[in-house]
$ cat model.cif   # mmCIF, C-alpha atoms
data_structure
loop_
_atom_site.label_atom_id
_atom_site.label_comp_id
_atom_site.auth_asym_id
_atom_site.auth_seq_id
_atom_site.Cartn_x
_atom_site.Cartn_y
_atom_site.Cartn_z
CA MET Q 22 27.12 -33.00 -2.75
CA PRO Q 23 28.33 -29.52 -3.80
CA SER Q 24 24.74 -28.31 -3.86
CA GLY Q 25 24.37 -29.43 -0.21
CA ASP Q 26 27.56 -27.60 0.73
CA ALA Q 27 26.40 -24.49 -1.11
CA ALA Q 28 23.05 -24.63 0.68
CA ASP Q 29 24.79 -24.99 4.05
CA GLU Q 30 27.06 -22.04 3.24
CA ALA Q 31 24.06 -19.93 2.20
CA ALA Q 32 22.21 -20.83 5.41
CA ALA Q 33 25.28 -19.93 7.49
CA ALA Q 34 25.60 -16.60 5.65
CA ASP Q 35 21.92 -15.90 6.27
CA ARG Q 36 22.38 -16.62 9.98
CA ARG Q 37 25.30 -14.18 10.18
CA LEU Q 38 23.26 -11.54 8.37
CA VAL Q 39 20.25 -12.10 10.64
CA GLU Q 40 22.46 -11.72 13.71
CA ALA Q 41 23.83 -8.46 12.24
CA LEU Q 42 20.28 -7.32 11.52
CA GLY Q 43 19.40 -7.98 15.16
CA ARG Q 44 22.24 -5.60 16.09
CA GLY Q 45 20.69 -2.93 13.85
CA GLU Q 46 23.15 -3.14 10.96
CA SER Q 47 21.31 -1.74 7.94
CA ASP Q 48 23.75 -3.30 5.44
CA ALA Q 49 22.57 -6.69 6.67
CA LEU Q 50 18.98 -5.73 5.88
CA VAL Q 51 19.92 -4.71 2.35
CA GLU Q 52 21.71 -8.00 1.73
CA LEU Q 53 18.92 -10.07 3.26
CA MET Q 54 16.41 -8.27 1.05
CA ARG Q 55 18.51 -9.06 -2.01
CA ARG Q 56 18.92 -12.72 -1.08
CA ASN Q 57 15.29 -13.33 -0.09
CA ALA Q 58 13.35 -11.06 -2.45
CA PRO Q 59 12.35 -13.65 -5.11
CA TRP Q 60 10.80 -16.24 -2.80
CA LEU Q 61 9.28 -13.61 -0.50
CA ARG Q 62 7.51 -11.81 -3.36
CA GLY Q 63 6.26 -15.20 -4.54
CA ALA Q 64 4.98 -16.07 -1.06
CA ILE Q 65 3.17 -12.74 -0.81
CA PHE Q 66 1.54 -13.24 -4.20
CA ALA Q 67 0.65 -16.83 -3.35
CA ALA Q 68 -1.04 -15.62 -0.17
CA GLY Q 69 -3.59 -13.90 -2.39
CA VAL Q 70 -2.24 -10.36 -2.52
CA ALA Q 71 -3.27 -8.56 -5.71
CA PRO Q 72 -0.38 -8.17 -8.16
CA ASP Q 73 -0.54 -4.36 -7.91
CA ALA Q 74 -0.15 -4.57 -4.11
CA VAL Q 75 2.67 -7.14 -3.84
CA GLU Q 76 5.44 -4.53 -3.76
CA ASP Q 77 3.74 -2.51 -1.00
CA VAL Q 78 3.27 -5.63 1.13
CA PHE Q 79 6.87 -6.66 0.39
CA GLN Q 80 8.14 -3.29 1.70
CA GLN Q 81 5.87 -3.56 4.74
CA VAL Q 82 7.31 -6.99 5.57
CA TRP Q 83 10.85 -5.64 5.45
CA MET Q 84 9.98 -2.64 7.62
CA THR Q 85 8.48 -5.03 10.16
CA ALA Q 86 11.52 -7.31 9.94
CA TRP Q 87 13.80 -4.32 10.59
CA ARG Q 88 11.78 -3.21 13.63
CA ARG Q 89 11.36 -6.69 15.10
CA ALA Q 90 14.69 -8.30 14.21
CA GLY Q 91 15.75 -8.31 17.86
CA SER Q 92 12.77 -10.50 18.75
CA LEU Q 93 13.95 -13.41 16.58
CA ASP Q 94 15.37 -15.89 19.11
CA ASP Q 95 16.84 -18.42 16.69
CA PRO Q 96 18.48 -17.07 13.51
CA ARG Q 97 18.10 -20.54 11.96
CA ARG Q 98 14.33 -19.90 11.96
CA TRP Q 99 14.79 -16.75 9.85
CA ARG Q 100 12.90 -17.92 6.77
CA ALA Q 101 9.96 -19.27 8.79
CA TRP Q 102 9.83 -16.03 10.78
CA LEU Q 103 9.98 -13.93 7.61
CA TYR Q 104 7.29 -16.08 6.00
CA THR Q 105 5.06 -15.55 9.06
CA LEU Q 106 5.57 -11.79 8.77
CA ALA Q 107 4.64 -11.99 5.08
CA ARG Q 108 1.53 -14.05 5.80
CA HIS Q 109 0.35 -11.56 8.43
CA ALA Q 110 1.05 -8.63 6.11
CA ALA Q 111 -0.93 -10.37 3.34
CA ILE Q 112 -3.89 -10.83 5.70
CA ASP Q 113 -3.70 -7.14 6.63
CA ALA Q 114 -3.57 -6.19 2.94
CA ALA Q 115 -6.69 -8.28 2.25
CA ARG Q 116 -8.49 -6.47 5.08
CA ARG Q 117 -7.49 -3.09 3.66
CA ARG Q 118 -8.66 -4.16 0.21
CA ARG Q 119 -12.05 -5.18 1.60
CA ARG Q 120 -12.28 -1.79 3.33
CA SER Q 121 -11.41 -0.06 0.08
CA GLY Q 122 -14.19 -2.01 -1.65
CA ARG Q 123 -16.62 -0.52 0.85
CA LEU Q 124 -15.08 2.86 0.17
CA ALA Q 125 -15.63 2.38 -3.58
CA GLU Q 126 -19.29 1.53 -2.91
CA THR Q 127 -19.63 4.73 -0.88
CA LEU Q 128 -18.05 6.71 -3.71
CA ARG Q 129 -20.44 5.18 -6.25
CA ALA Q 130 -23.37 6.08 -4.00
CA TRP Q 131 -22.01 9.60 -3.61
CA LEU Q 132 -21.66 9.88 -7.39
CA GLY Q 133 -25.32 9.08 -7.82
CA THR Q 134 -26.74 11.33 -5.12
CA ARG Q 135 -24.87 14.61 -5.41
CA ARG Q 136 -26.59 17.37 -7.37
CA CYS Q 137 -25.36 20.63 -8.81
CA GLU Q 138 -27.45 23.60 -7.74
CA SER Q 139 -28.24 26.51 -10.08
CA ASP Q 140 -31.37 28.34 -11.28
CA ASP Q 141 -29.92 28.63 -14.79
CA PRO Q 142 -30.51 25.35 -16.72
CA PRO Q 143 -27.41 25.64 -18.98
CA ARG Q 144 -25.28 26.48 -15.94
CA ARG Q 145 -26.79 23.55 -14.01
CA LEU Q 146 -25.97 21.22 -16.89
CA ALA Q 147 -22.39 22.50 -17.13
CA LEU Q 148 -21.94 22.12 -13.36
CA ALA Q 149 -23.38 18.61 -13.43
CA GLU Q 150 -21.05 17.59 -16.28
CA ALA Q 151 -18.00 19.06 -14.52
CA HIS Q 152 -19.04 17.35 -11.29
CA GLN Q 153 -19.41 13.96 -12.99
CA ARG Q 154 -16.09 14.41 -14.81
CA ALA Q 155 -14.34 15.16 -11.50
CA LEU Q 156 -15.93 12.20 -9.77
CA ARG Q 157 -14.99 9.86 -12.65
CA ALA Q 158 -11.41 11.13 -12.36
CA ILE Q 159 -11.43 10.43 -8.62
CA ALA Q 160 -12.85 6.94 -9.19
CA ALA Q 161 -10.09 6.28 -11.75
CA LEU Q 162 -7.25 7.15 -9.34
CA PRO Q 163 -5.08 4.20 -8.31
CA GLU Q 164 -6.45 2.77 -5.07
CA ILE Q 165 -3.52 3.91 -2.93
CA TYR Q 166 -4.23 7.54 -3.88
CA ARG Q 167 -8.02 7.32 -4.13
CA GLN Q 168 -8.52 6.03 -0.57
CA PRO Q 169 -6.91 8.94 1.29
CA PHE Q 170 -8.27 11.47 -1.22
CA VAL Q 171 -11.87 10.37 -0.74
CA LEU Q 172 -11.50 10.24 3.03
CA ARG Q 173 -9.96 13.72 3.14
CA HIS Q 174 -11.90 15.62 0.50
CA LEU Q 175 -15.24 13.82 0.27
CA ALA Q 176 -15.62 12.53 3.84
CA GLY Q 177 -13.79 15.46 5.49
CA TRP Q 178 -11.48 13.37 7.67
CA ASP Q 179 -8.26 14.80 9.14
CA TYR Q 180 -4.83 13.32 8.34
CA ARG Q 181 -4.53 11.56 11.71
CA ARG Q 182 -7.83 9.71 11.30
CA ILE Q 183 -6.96 8.71 7.72
CA ALA Q 184 -3.54 7.44 8.86
CA GLU Q 185 -5.07 5.36 11.63
CA THR Q 186 -7.80 3.92 9.41
CA LEU Q 187 -5.49 3.03 6.53
CA GLU Q 188 -2.71 1.96 8.91
CA LEU Q 189 -0.21 4.35 7.35
CA PRO Q 190 2.19 6.93 8.75
CA PRO Q 191 0.73 10.47 8.51
CA ALA Q 192 3.59 11.49 6.19
CA THR Q 193 2.58 8.73 3.76
CA VAL Q 194 -1.02 9.97 3.84
CA GLU Q 195 0.18 13.47 3.01
CA THR Q 196 2.40 12.22 0.18
CA ARG Q 197 -0.42 10.18 -1.33
CA LEU Q 198 -2.80 13.14 -1.14
CA VAL Q 199 -0.29 15.36 -2.94
CA ARG Q 200 0.12 12.71 -5.63
CA ALA Q 201 -3.67 12.24 -5.94
CA ARG Q 202 -4.19 15.98 -6.41
CA LYS Q 203 -1.43 16.10 -9.03
CA LEU Q 204 -2.96 13.17 -10.94
CA LEU Q 205 -6.39 14.81 -10.82
CA ARG Q 206 -5.02 18.12 -12.08
CA GLU Q 207 -3.33 16.29 -14.95
CA THR Q 208 -6.45 14.26 -15.79
CA LEU Q 209 -8.93 17.11 -15.51
CA GLY Q 210 -6.58 19.48 -17.27
CA ASP Q 211 -6.38 17.07 -20.21
CA GLU Q 212 -10.16 16.73 -20.37
CA THR Q 213 -10.81 20.47 -20.40
CA ARG Q 214 -8.51 21.23 -23.33
#

$ encode --input "model.cif" --output "structure tokens"
Amino acid sequence: MPSGDAADEAAAADRRLVEALGRGESDALVELMRRNAPWLRGAIFAAGVAPDAVEDVFQQVWMTAWRRAGSLDDPRRWRAWLYTLARHAAIDAARRRRRSGRLAETLRAWLGTRRCESDDPPRRLALAEAHQRALRAIAALPEIYRQPFVLRHLAGWDYRRIAETLELPPATVETRLVRARKLLRETLGDETR
């Protein structure tokens, strides 16, 4: 019986926190995240999200919960509502991953078709090697950095279009591009020594 009482007390505490979240109290969000993190991460992973993307989807779910907390009519339905948010975020993540697979195919095609122009054969060879080394470094970037980098620097897209396509805030696109450039400088710097 104590376990039933403890479960009831936990459910009542969750309801109070959800009501506070609906009023915009950020401390309630922090506590709800702490209390629900283990099962929510598990639900996201179980929905088929790649292990390296679980944390990003987890954060996305909580941002959505924060923005939409006022739309939850019945605080007793909190877990079901949160699970639904997680399921939708997992579906969105799968779509983005499929898009990134197409992006990787485009990059592989680009790798095979670009040529280095020069009349001097040794110079042409050096340019081709440097070009291939740079493209291998780009291909090796973590997906979250590679996607915006390729769209910006190989496809020539502007930040707004990248943000819309990847469903990210423009500031996140900019941050990821800065990180991608830093990683490339580190990688290519190591290879040229």

$ resolve_selection --input "model.cif" --expression "the PyMOL selection byres ((chain Q and resi 171-184) around 9)" --output "ChimeraX atom specification"
/Q:124,128,131,159,166-170,185-195,198

$ write_last_selection --input "model.cif" --atoms "C-alpha atoms" --output "compact mmCIF listing (two decimals), in the coordinates of the input"
# COMPACT_ATOMS: atom_id res chain seq x y z
CA LEU Q 124 -15.08 2.86 0.17
CA LEU Q 128 -18.05 6.71 -3.71
CA TRP Q 131 -22.01 9.60 -3.61
CA ILE Q 159 -11.43 10.43 -8.62
CA TYR Q 166 -4.23 7.54 -3.88
CA ARG Q 167 -8.02 7.32 -4.13
CA GLN Q 168 -8.52 6.03 -0.57
CA PRO Q 169 -6.91 8.94 1.29
CA PHE Q 170 -8.27 11.47 -1.22
CA GLU Q 185 -5.07 5.36 11.63
CA THR Q 186 -7.80 3.92 9.41
CA LEU Q 187 -5.49 3.03 6.53
CA GLU Q 188 -2.71 1.96 8.91
CA LEU Q 189 -0.21 4.35 7.35
CA PRO Q 190 2.19 6.93 8.75
CA PRO Q 191 0.73 10.47 8.51
CA ALA Q 192 3.59 11.49 6.19
CA THR Q 193 2.58 8.73 3.76
CA VAL Q 194 -1.02 9.97 3.84
CA GLU Q 195 0.18 13.47 3.01
CA LEU Q 198 -2.80 13.14 -1.14

$ residues_around --input "model.cif" --residues "Ala90 in chain Q" --least-positions-apart "4" --cutoff "7 Å" --atoms "only C-alpha atoms" --output "list in words"
Leu42, Gly43 and Ala86 of chain Q

$ residues_around --input "model.cif" --residues "range 50-59 of chain Q" --least-positions-apart "4" --cutoff "8 Å" --atoms "only C-alpha atoms" --output "ChimeraX atom specification"
/Q:35,38-39,42,46,63,83,87

$ write_last_selection --input "model.cif" --atoms "C-alpha atoms" --output "compact mmCIF listing (two decimals), keeping the file's coordinate frame"
# COMPACT_ATOMS: atom_id res chain seq x y z
CA ASP Q 35 21.92 -15.90 6.27
CA LEU Q 38 23.26 -11.54 8.37
CA VAL Q 39 20.25 -12.10 10.64
CA LEU Q 42 20.28 -7.32 11.52
CA GLU Q 46 23.15 -3.14 10.96
CA GLY Q 63 6.26 -15.20 -4.54
CA TRP Q 83 10.85 -5.64 5.45
CA TRP Q 87 13.80 -4.32 10.59

$ resolve_selection --input "model.cif" --expression "the PyMOL selection byres ((chain Q and resi 110-121) around 12)" --output "PyMOL selection string"
chain Q and resi 61-86+103-109+122-128+160+163-169+171-172+185-189

$ write_last_selection --input "model.cif" --atoms "C-alpha atoms" --output "PDB file, in the coordinates of the input"
ATOM      1  CA  LEU Q  61       9.280 -13.610  -0.500  1.00  0.00           C
ATOM      2  CA  ARG Q  62       7.510 -11.810  -3.360  1.00  0.00           C
ATOM      3  CA  GLY Q  63       6.260 -15.200  -4.540  1.00  0.00           C
ATOM      4  CA  ALA Q  64       4.980 -16.070  -1.060  1.00  0.00           C
ATOM      5  CA  ILE Q  65       3.170 -12.740  -0.810  1.00  0.00           C
ATOM      6  CA  PHE Q  66       1.540 -13.240  -4.200  1.00  0.00           C
ATOM      7  CA  ALA Q  67       0.650 -16.830  -3.350  1.00  0.00           C
ATOM      8  CA  ALA Q  68      -1.040 -15.620  -0.170  1.00  0.00           C
ATOM      9  CA  GLY Q  69      -3.590 -13.900  -2.390  1.00  0.00           C
ATOM     10  CA  VAL Q  70      -2.240 -10.360  -2.520  1.00  0.00           C
ATOM     11  CA  ALA Q  71      -3.270  -8.560  -5.710  1.00  0.00           C
ATOM     12  CA  PRO Q  72      -0.380  -8.170  -8.160  1.00  0.00           C
ATOM     13  CA  ASP Q  73      -0.540  -4.360  -7.910  1.00  0.00           C
ATOM     14  CA  ALA Q  74      -0.150  -4.570  -4.110  1.00  0.00           C
ATOM     15  CA  VAL Q  75       2.670  -7.140  -3.840  1.00  0.00           C
ATOM     16  CA  GLU Q  76       5.440  -4.530  -3.760  1.00  0.00           C
ATOM     17  CA  ASP Q  77       3.740  -2.510  -1.000  1.00  0.00           C
ATOM     18  CA  VAL Q  78       3.270  -5.630   1.130  1.00  0.00           C
ATOM     19  CA  PHE Q  79       6.870  -6.660   0.390  1.00  0.00           C
ATOM     20  CA  GLN Q  80       8.140  -3.290   1.700  1.00  0.00           C
ATOM     21  CA  GLN Q  81       5.870  -3.560   4.740  1.00  0.00           C
ATOM     22  CA  VAL Q  82       7.310  -6.990   5.570  1.00  0.00           C
ATOM     23  CA  TRP Q  83      10.850  -5.640   5.450  1.00  0.00           C
ATOM     24  CA  MET Q  84       9.980  -2.640   7.620  1.00  0.00           C
ATOM     25  CA  THR Q  85       8.480  -5.030  10.160  1.00  0.00           C
ATOM     26  CA  ALA Q  86      11.520  -7.310   9.940  1.00  0.00           C
ATOM     27  CA  LEU Q 103       9.980 -13.930   7.610  1.00  0.00           C
ATOM     28  CA  TYR Q 104       7.290 -16.080   6.000  1.00  0.00           C
ATOM     29  CA  THR Q 105       5.060 -15.550   9.060  1.00  0.00           C
ATOM     30  CA  LEU Q 106       5.570 -11.790   8.770  1.00  0.00           C
ATOM     31  CA  ALA Q 107       4.640 -11.990   5.080  1.00  0.00           C
ATOM     32  CA  ARG Q 108       1.530 -14.050   5.800  1.00  0.00           C
ATOM     33  CA  HIS Q 109       0.350 -11.560   8.430  1.00  0.00           C
ATOM     34  CA  GLY Q 122     -14.190  -2.010  -1.650  1.00  0.00           C
ATOM     35  CA  ARG Q 123     -16.620  -0.520   0.850  1.00  0.00           C
ATOM     36  CA  LEU Q 124     -15.080   2.860   0.170  1.00  0.00           C
ATOM     37  CA  ALA Q 125     -15.630   2.380  -3.580  1.00  0.00           C
ATOM     38  CA  GLU Q 126     -19.290   1.530  -2.910  1.00  0.00           C
ATOM     39  CA  THR Q 127     -19.630   4.730  -0.880  1.00  0.00           C
ATOM     40  CA  LEU Q 128     -18.050   6.710  -3.710  1.00  0.00           C
ATOM     41  CA  ALA Q 160     -12.850   6.940  -9.190  1.00  0.00           C
ATOM     42  CA  PRO Q 163      -5.080   4.200  -8.310  1.00  0.00           C
ATOM     43  CA  GLU Q 164      -6.450   2.770  -5.070  1.00  0.00           C
ATOM     44  CA  ILE Q 165      -3.520   3.910  -2.930  1.00  0.00           C
ATOM     45  CA  TYR Q 166      -4.230   7.540  -3.880  1.00  0.00           C
ATOM     46  CA  ARG Q 167      -8.020   7.320  -4.130  1.00  0.00           C
ATOM     47  CA  GLN Q 168      -8.520   6.030  -0.570  1.00  0.00           C
ATOM     48  CA  PRO Q 169      -6.910   8.940   1.290  1.00  0.00           C
ATOM     49  CA  VAL Q 171     -11.870  10.370  -0.740  1.00  0.00           C
ATOM     50  CA  LEU Q 172     -11.500  10.240   3.030  1.00  0.00           C
ATOM     51  CA  GLU Q 185      -5.070   5.360  11.630  1.00  0.00           C
ATOM     52  CA  THR Q 186      -7.800   3.920   9.410  1.00  0.00           C
ATOM     53  CA  LEU Q 187      -5.490   3.030   6.530  1.00  0.00           C
ATOM     54  CA  GLU Q 188      -2.710   1.960   8.910  1.00  0.00           C
ATOM     55  CA  LEU Q 189      -0.210   4.350   7.350  1.00  0.00           C
TER      56      LEU Q 189
END

$ atom_distance --input "model.cif" --atom1 "CA of Val199 in chain Q" --atom2 "CA of Ala155 in chain Q"
16.5 Å
